[in-house]
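Remarks on the structure that follows.
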Amino acid sequence: MKPLLPLLLLTGTVVAGTLLIDSVVVPPFDRAETLPGGDTTVFDTGKNALALPSATLNDAQRTEFVIGNSFFKKNWVEAPSSTTARDGLGPHFIARSCGSCHTEDGRGAPPDFENGLQKEQPVALLFRLSIPGKDAHGGPKPEPTYGGQFANDAVSGVQPEGQVAISYEEVQGRFADGEAYTLLKPSYRFTDLNYGPMHPATEVSPRIAPQMTGMGLLEAIKESDIEANARRQAEAGQGIKGRTNRVWDAYAQKTVLGRFGWKANVGSIAHQSAGAFNGDIGITSRRFPAEECTAKQVDCRKAPRGGKLEISDKILDQVIFYSRTQAVPATRNLEDPRAQRGRTVFYQAQCAVCHVPSYVTGDFKAIPQLGRQTIYPYTDLLLHDMGEGLADNRPDFLAGGRDWKTPPLWALGMIPVVNGHTRYLHDGRARNLLEAVLWHGGEAEAAKQHVLKLSRDDRENLVQFLQSL
């Protein structure tokens, strides 16, 4: 089965550098689209829909999945502890478990507000820090006092690095038919800093925890197919010009293609898992053997540890296996006429140029069942300039301050069921899927302008399509 073509036959006119779409050839619907994970797809529409193993795993692999799941979801504790397999939390951390951010393997959300006041500190929304320059591997250079990631919690006897204060400004707009909309523009600042002021040139990037859906299948996409996406976009000359990120991978011990993270700043699930244990929970491993306690954080450096390495290779490998084999749920109501109309609108708005619908995965030695599958993740895994409205102004390897990776769209419609919220984009600012579209700019400006001109029915049809994925 051939994947859907990632670039479409367009006709249009260019006004002030923006391509205005007149028509587009929409590929015919294929019922294979209802099985976005191919043979690995699972059928569940409940709260556990994103936490299930791939359908093709054998009994031994399912046992491995369950063990990895337990270490992913259960809390780590402070050292020293009688629970030696799970101690070593901190000294600084933002969460006590992977599942604290990826609740039910779904998407995190920013803190709730009540009467205009922030109710709690963020957990699933973290903040990357850096200063101008690059580290030894070409990545961001950590802020000298607070390191590469802000930690607003700590173990006993250690001060948290500080607190995060969030506020929102309303941005008003109207659709072409006159209907008004309001977006929320966030602002972030750090308060109660316990180790002194930050560097005056500190760069800050908020990152929400995304759903874990189908990560192994994304890892199994052939590198040549991702690079081909970039070539086709450049050759089309439509102003959409995705680029690959090239990043340091602690497991491969070399620079590789970036696939994961909001800026494609991570190259493998293994690196992502071990790095998150270290940066988010403060758990050391063979490839991340030290907590990030800077020179000014004396109490952090003196805190008890849970052993030389706080998670063994065996346990970490089980968590990596778990992360690779979480299944993609089947679509819901995708064949409904309204969803089908929304699918047409999706293509007509040029969304599918970046949210490339489908691939056939390559051979995948680590988990053979994930290889040679026709999948529908709706991503090109490339970086795109998304405009000033979404810019964090923080480079990350080859990603610039306005660049973001095209996120996969599969399982979007399960977030309200699994996580009980509808917060989207890299920092959760969008309160629904239509707001997420309206924040698009830069290379996606033409797509947004197309959506702004839609009738209310077609706006609702587009959302119906996205919710069916």
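In the structure tokens, each chain is lettered A, B, ... as it comes, each chain's residues begin at 1, and ligands are numbered from 1 in order of appearance.
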Residues of segment 359-458 of chain A that approach segment 344-348 of chain A to 9 Å or less, counting only C-alpha atoms: could you list each one with the shortest pair of atoms and its distance in Å to one decimal, rows by chain and increasing residue number, as a Markdown table?
| residue | atom | partner | partner_atom | distance |
| --- | --- | --- | --- | --- |
| A:Ala447 | CA | A:Gln348 | CA | 8.6 |
| A:His450 | CA | A:Gln348 | CA | 8.3 |
| A:Val451 | CA | A:Val345 | CA | 8.6 |
| A:Leu454 | CA | A:Val345 | CA | 8.9 |
| A:Asp458 | CA | A:Val345 | CA | 7.2 |
Generate a file of the selected residues that holds N, CA, C and O atoms, formatted as a CSV table (one decimal), in the first residue's frame.
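Below you can see part23.csv, which holds the result:
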chain,number,residue,atom,x,y,z
A,447,ALA,N,-2.1,28.8,5.4
A,447,ALA,CA,-3.1,27.8,5.9
A,447,ALA,C,-4.1,28.5,6.9
A,447,ALA,O,-5.3,28.3,6.9
A,450,HIS,N,-6.5,30.7,5.1
A,450,HIS,CA,-7.6,29.9,4.5
A,450,HIS,C,-8.7,29.5,5.5
A,450,HIS,O,-9.9,29.6,5.3
A,451,VAL,N,-8.2,29.1,6.7
A,451,VAL,CA,-9.2,28.8,7.8
A,451,VAL,C,-10.0,30.0,8.2
A,451,VAL,O,-11.2,29.9,8.5
A,454,LEU,N,-13.1,30.4,6.1
A,454,LEU,CA,-14.1,29.3,6.1
A,454,LEU,C,-15.4,29.7,6.7
A,454,LEU,O,-15.5,30.6,7.6
A,458,ASP,N,-17.7,24.7,7.9
A,458,ASP,CA,-16.5,24.1,7.5
A,458,ASP,C,-15.4,24.2,8.7
A,458,ASP,O,-14.6,23.3,8.8
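Every protein, DNA or RNA residue with an atom at most 6 Å from segment 213-219 of chain A, where only C-alpha atoms count and chain neighbours fewer than 6 positions away do not, is listed here: Arg324, Thr325, Gln326, Ala327, Val328 and Leu370 of chain A.
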Could I get the residues of segment 287-346 of chain A with an atom no further than 9 Å from an atom of segment 411-423 of chain A, each paired with its nearest atom pair and that distance in Å to one decimal, using only C-alpha atoms, sorted by chain and residue number, as JSON lines?
{"residue": "A:Val328", "atom": "CA", "partner": "A:Ala411", "partner_atom": "CA", "distance": 6.9}
{"residue": "A:Pro329", "atom": "CA", "partner": "A:Ala411", "partner_atom": "CA", "distance": 6.7}
{"residue": "A:Ala330", "atom": "CA", "partner": "A:Ala411", "partner_atom": "CA", "distance": 8.3}
{"residue": "A:Thr331", "atom": "CA", "partner": "A:Ala411", "partner_atom": "CA", "distance": 7.7}
{"residue": "A:Arg332", "atom": "CA", "partner": "A:Gly413", "partner_atom": "CA", "distance": 8.4}
Got time to write the residues from that selection, N, CA and C atoms, as a CSV table (one decimal), in the first residue's frame?
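For reference, result_24.csv as written:
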chain,number,residue,atom,x,y,z
A,328,VAL,N,-1.1,3.1,18.9
A,328,VAL,CA,-2.0,4.1,18.4
A,328,VAL,C,-3.4,3.6,18.3
A,329,PRO,N,-4.4,4.4,18.9
A,329,PRO,CA,-5.8,3.9,18.8
A,329,PRO,C,-6.3,4.2,17.4
A,330,ALA,N,-7.3,3.3,17.1
A,330,ALA,CA,-8.0,3.5,15.8
A,330,ALA,C,-8.7,4.8,15.8
A,331,THR,N,-9.0,5.3,14.6
A,331,THR,CA,-9.7,6.6,14.4
A,331,THR,C,-11.2,6.3,14.9
A,332,ARG,N,-11.9,7.4,15.1
A,332,ARG,CA,-13.3,7.3,15.5
A,332,ARG,C,-14.1,8.2,14.6
Which polymer residues have any atom within 12 Å of an atom of segment 55-62 of chain A, counting only C-alpha atoms, with same-chain residues fewer than 3 positions away left out, as a VMD selection string?
chain A and resid 35 37 to 44 51 to 52 65 to 69 214 318 321 to 322 324 to 330 366 to 371 373
To one decimal in Å, tell me the separation between atom CA of Thr379 of chain A and atom CA of Ile226 of chain A.
9.5 Å
